[in-house]
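Read the structure below first, then the notes.
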Amino acid sequence: MNKQELIEKLEDIEWEDFEVKEAKSEVPKNSWETVSAFSNTAGGWLVFGVAKEGKEYTIIGVSNPEKIEHDFIGVLRNGQKFNKRIEV
């Protein structure tokens, strides 16, 4: 998903397969609930670095994307939080 596709998605009214989290410096704890919900359906997009206030969204980015990605994927694959490996 590129920046323009993200902006278009944010302008949509409602989604069942798309959620945003701030995640400025770490993976938010409530991300795992979203992953669990997506894994019980057809999947979805979880985008870090976007703040939501009411119905307004702001792209804020993340301070260390490599660390966020490593931490996030590590939990999905280590078998401690989920009973099966979740594909990204």
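Every chain in the structure tokens takes a letter, A first, then B, and so on in the order presented; its residues are numbered from 1, and the ligands are numbered from 1 following the presented order.
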
Review point. Near segment 42-55 of chain A, counting only C-alpha atoms, which residues have an atom at most 10 Å away, once you skip same-chain residues fewer than 6 positions from it, shown as number ranges by chain?
Key: A: 1, 6, 10-11, 13, 15-28, 31, 34-36, 61-63, 65, 68-69, 87-88

Practice item. DSSP on the backbone, then: every residue of chain A marked alpha helix (DSSP H), written as a VMD selection string. Key: chain A and resid 3 to 11 31 to 39 65 to 78

Go ahead and dump the residues you just picked, N, CA and C atoms, as an mmCIF file, in the first residue's frame.
data_model
loop_
_atom_site.group_PDB
_atom_site.id
_atom_site.type_symbol
_atom_site.label_atom_id
_atom_site.label_comp_id
_atom_site.auth_asym_id
_atom_site.auth_seq_id
_atom_site.Cartn_x
_atom_site.Cartn_y
_atom_site.Cartn_z
ATOM 1 N N LYS A 3 1.405 5.604 -0.184
ATOM 2 C CA LYS A 3 0.836 6.721 0.579
ATOM 3 C C LYS A 3 -0.521 7.146 0.026
ATOM 4 N N GLN A 4 -0.660 7.226 -1.286
ATOM 5 C CA GLN A 4 -1.927 7.649 -1.881
ATOM 6 C C GLN A 4 -3.038 6.644 -1.586
ATOM 7 N N GLU A 5 -2.731 5.349 -1.666
ATOM 8 C CA GLU A 5 -3.729 4.331 -1.345
ATOM 9 C C GLU A 5 -4.143 4.420 0.123
ATOM 10 N N LEU A 6 -3.187 4.706 1.004
ATOM 11 C CA LEU A 6 -3.489 4.880 2.424
ATOM 12 C C LEU A 6 -4.414 6.069 2.632
ATOM 13 N N ILE A 7 -4.113 7.171 2.010
ATOM 14 C CA ILE A 7 -4.955 8.370 2.148
ATOM 15 C C ILE A 7 -6.364 8.092 1.633
ATOM 16 N N GLU A 8 -6.485 7.410 0.510
ATOM 17 C CA GLU A 8 -7.809 7.071 -0.021
ATOM 18 C C GLU A 8 -8.563 6.152 0.934
ATOM 19 N N LYS A 9 -7.857 5.195 1.521
ATOM 20 C CA LYS A 9 -8.488 4.274 2.469
ATOM 21 C C LYS A 9 -8.968 5.031 3.709
ATOM 22 N N LEU A 10 -8.161 5.975 4.190
ATOM 23 C CA LEU A 10 -8.544 6.761 5.359
ATOM 24 C C LEU A 10 -9.779 7.616 5.087
ATOM 25 N N GLU A 11 -9.980 7.993 3.838
ATOM 26 C CA GLU A 11 -11.131 8.825 3.479
ATOM 27 C C GLU A 11 -12.407 8.011 3.329
ATOM 28 N N SER A 31 -2.872 -4.004 19.460
ATOM 29 C CA SER A 31 -2.692 -4.521 18.101
ATOM 30 C C SER A 31 -3.006 -6.006 18.034
ATOM 31 N N TRP A 32 -2.737 -6.712 19.115
ATOM 32 C CA TRP A 32 -2.915 -8.168 19.110
ATOM 33 C C TRP A 32 -4.381 -8.551 19.027
ATOM 34 N N GLU A 33 -5.265 -7.732 19.569
ATOM 35 C CA GLU A 33 -6.708 -7.981 19.431
ATOM 36 C C GLU A 33 -7.116 -7.870 17.965
ATOM 37 N N THR A 34 -6.563 -6.875 17.292
ATOM 38 C CA THR A 34 -6.858 -6.679 15.875
ATOM 39 C C THR A 34 -6.329 -7.843 15.053
ATOM 40 N N VAL A 35 -5.101 -8.269 15.332
ATOM 41 C CA VAL A 35 -4.513 -9.410 14.618
ATOM 42 C C VAL A 35 -5.382 -10.645 14.817
ATOM 43 N N SER A 36 -5.827 -10.868 16.043
ATOM 44 C CA SER A 36 -6.675 -12.022 16.332
ATOM 45 C C SER A 36 -7.981 -11.949 15.540
ATOM 46 N N ALA A 37 -8.600 -10.790 15.515
ATOM 47 C CA ALA A 37 -9.848 -10.622 14.767
ATOM 48 C C ALA A 37 -9.622 -10.858 13.279
ATOM 49 N N PHE A 38 -8.562 -10.291 12.732
ATOM 50 C CA PHE A 38 -8.262 -10.482 11.314
ATOM 51 C C PHE A 38 -7.963 -11.948 11.002
ATOM 52 N N SER A 39 -7.282 -12.637 11.910
ATOM 53 C CA SER A 39 -6.921 -14.031 11.643
ATOM 54 C C SER A 39 -8.138 -14.948 11.690
ATOM 55 N N PRO A 65 10.975 2.226 12.127
ATOM 56 C CA PRO A 65 10.141 1.221 11.468
ATOM 57 C C PRO A 65 10.737 -0.185 11.472
ATOM 58 N N GLU A 66 12.063 -0.302 11.384
ATOM 59 C CA GLU A 66 12.678 -1.625 11.387
ATOM 60 C C GLU A 66 12.443 -2.340 12.717
ATOM 61 N N LYS A 67 12.535 -1.605 13.826
ATOM 62 C CA LYS A 67 12.300 -2.197 15.144
ATOM 63 C C LYS A 67 10.832 -2.608 15.299
ATOM 64 N N ILE A 68 9.927 -1.729 14.894
ATOM 65 C CA ILE A 68 8.491 -2.034 14.989
ATOM 66 C C ILE A 68 8.183 -3.299 14.181
ATOM 67 N N GLU A 69 8.695 -3.356 12.964
ATOM 68 C CA GLU A 69 8.461 -4.520 12.106
ATOM 69 C C GLU A 69 9.041 -5.790 12.745
ATOM 70 N N HIS A 70 10.262 -5.707 13.236
ATOM 71 C CA HIS A 70 10.918 -6.857 13.862
ATOM 72 C C HIS A 70 10.126 -7.334 15.078
ATOM 73 N N ASP A 71 9.738 -6.415 15.939
ATOM 74 C CA ASP A 71 8.977 -6.777 17.146
ATOM 75 C C ASP A 71 7.627 -7.388 16.784
ATOM 76 N N PHE A 72 6.934 -6.784 15.837
ATOM 77 C CA PHE A 72 5.604 -7.232 15.434
ATOM 78 C C PHE A 72 5.667 -8.632 14.821
ATOM 79 N N ILE A 73 6.521 -8.820 13.845
ATOM 80 C CA ILE A 73 6.624 -10.112 13.169
ATOM 81 C C ILE A 73 7.153 -11.180 14.125
ATOM 82 N N GLY A 74 8.050 -10.787 15.010
ATOM 83 C CA GLY A 74 8.571 -11.738 15.993
ATOM 84 C C GLY A 74 7.476 -12.340 16.843
ATOM 85 N N VAL A 75 6.550 -11.520 17.303
ATOM 86 C CA VAL A 75 5.437 -12.025 18.118
ATOM 87 C C VAL A 75 4.521 -12.916 17.285
ATOM 88 N N LEU A 76 4.292 -12.545 16.028
ATOM 89 C CA LEU A 76 3.411 -13.355 15.181
ATOM 90 C C LEU A 76 3.981 -14.741 14.920
ATOM 91 N N ARG A 77 5.291 -14.856 14.946
ATOM 92 C CA ARG A 77 5.938 -16.119 14.584
ATOM 93 C C ARG A 77 6.459 -16.941 15.762
ATOM 94 N N ASN A 78 6.525 -16.364 16.969
ATOM 95 C CA ASN A 78 7.173 -17.096 18.064
ATOM 96 C C ASN A 78 6.270 -18.100 18.779
#

Check your understanding: Out of chain A, which residues get strand (DSSP E) from DSSP, as a list in words?
Key ->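 Restricting chain A to strand (DSSP E) produces Phe18, Glu19, Val20, Lys21, Trp45, Leu46, Val47, Phe48, Val50, Ala51, Lys52, Glu53, Glu56, Tyr57, Thr58 and Ile59 of chain A.
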
Could you save those same residues with N, CA and C atoms as a JSON list (two decimals), in the first residue's frame?
[["chain", "number", "residue", "atom", "x", "y", "z"],
["A", 18, "PHE", "N", -9.50, -3.17, 7.81],
["A", 18, "PHE", "CA", -8.48, -2.13, 7.85],
["A", 18, "PHE", "C", -8.53, -1.41, 9.18],
["A", 19, "GLU", "N", -7.38, -1.32, 9.85],
["A", 19, "GLU", "CA", -7.33, -0.60, 11.13],
["A", 19, "GLU", "C", -5.98, 0.10, 11.25],
["A", 20, "VAL", "N", -6.00, 1.26, 11.89],
["A", 20, "VAL", "CA", -4.77, 2.03, 12.09],
["A", 20, "VAL", "C", -4.44, 2.12, 13.57],
["A", 21, "LYS", "N", -3.13, 2.24, 13.84],
["A", 21, "LYS", "CA", -2.63, 2.40, 15.21],
["A", 21, "LYS", "C", -1.52, 3.44, 15.16],
["A", 45, "TRP", "N", -5.71, -5.29, 6.86],
["A", 45, "TRP", "CA", -4.56, -4.38, 6.92],
["A", 45, "TRP", "C", -4.51, -3.74, 8.29],
["A", 46, "LEU", "N", -3.36, -3.82, 8.94],
["A", 46, "LEU", "CA", -3.11, -3.12, 10.19],
["A", 46, "LEU", "C", -1.96, -2.17, 9.90],
["A", 47, "VAL", "N", -2.24, -0.87, 9.92],
["A", 47, "VAL", "CA", -1.27, 0.14, 9.53],
["A", 47, "VAL", "C", -0.82, 0.91, 10.76],
["A", 48, "PHE", "N", 0.49, 0.92, 11.00],
["A", 48, "PHE", "CA", 1.07, 1.68, 12.09],
["A", 48, "PHE", "C", 1.49, 3.06, 11.60],
["A", 50, "VAL", "N", -0.42, 5.98, 12.16],
["A", 50, "VAL", "CA", -1.56, 6.84, 11.84],
["A", 50, "VAL", "C", -2.34, 7.08, 13.12],
["A", 51, "ALA", "N", -2.55, 8.35, 13.44],
["A", 51, "ALA", "CA", -3.31, 8.73, 14.64],
["A", 51, "ALA", "C", -4.76, 8.99, 14.25],
["A", 52, "LYS", "N", -5.67, 8.60, 15.12],
["A", 52, "LYS", "CA", -7.10, 8.83, 14.90],
["A", 52, "LYS", "C", -7.66, 9.62, 16.06],
["A", 53, "GLU", "N", -8.32, 10.70, 15.74],
["A", 53, "GLU", "CA", -9.01, 11.49, 16.76],
["A", 53, "GLU", "C", -10.41, 11.78, 16.23],
["A", 56, "GLU", "N", -11.13, 12.00, 12.39],
["A", 56, "GLU", "CA", -9.98, 12.58, 11.70],
["A", 56, "GLU", "C", -8.76, 11.68, 11.85],
["A", 57, "TYR", "N", -8.02, 11.52, 10.78],
["A", 57, "TYR", "CA", -6.81, 10.70, 10.75],
["A", 57, "TYR", "C", -5.62, 11.56, 10.36],
["A", 58, "THR", "N", -4.49, 11.32, 11.01],
["A", 58, "THR", "CA", -3.26, 12.03, 10.71],
["A", 58, "THR", "C", -2.14, 11.02, 10.57],
["A", 59, "ILE", "N", -1.42, 11.08, 9.47],
["A", 59, "ILE", "CA", -0.27, 10.20, 9.28],
["A", 59, "ILE", "C", 0.89, 10.80, 10.08]]
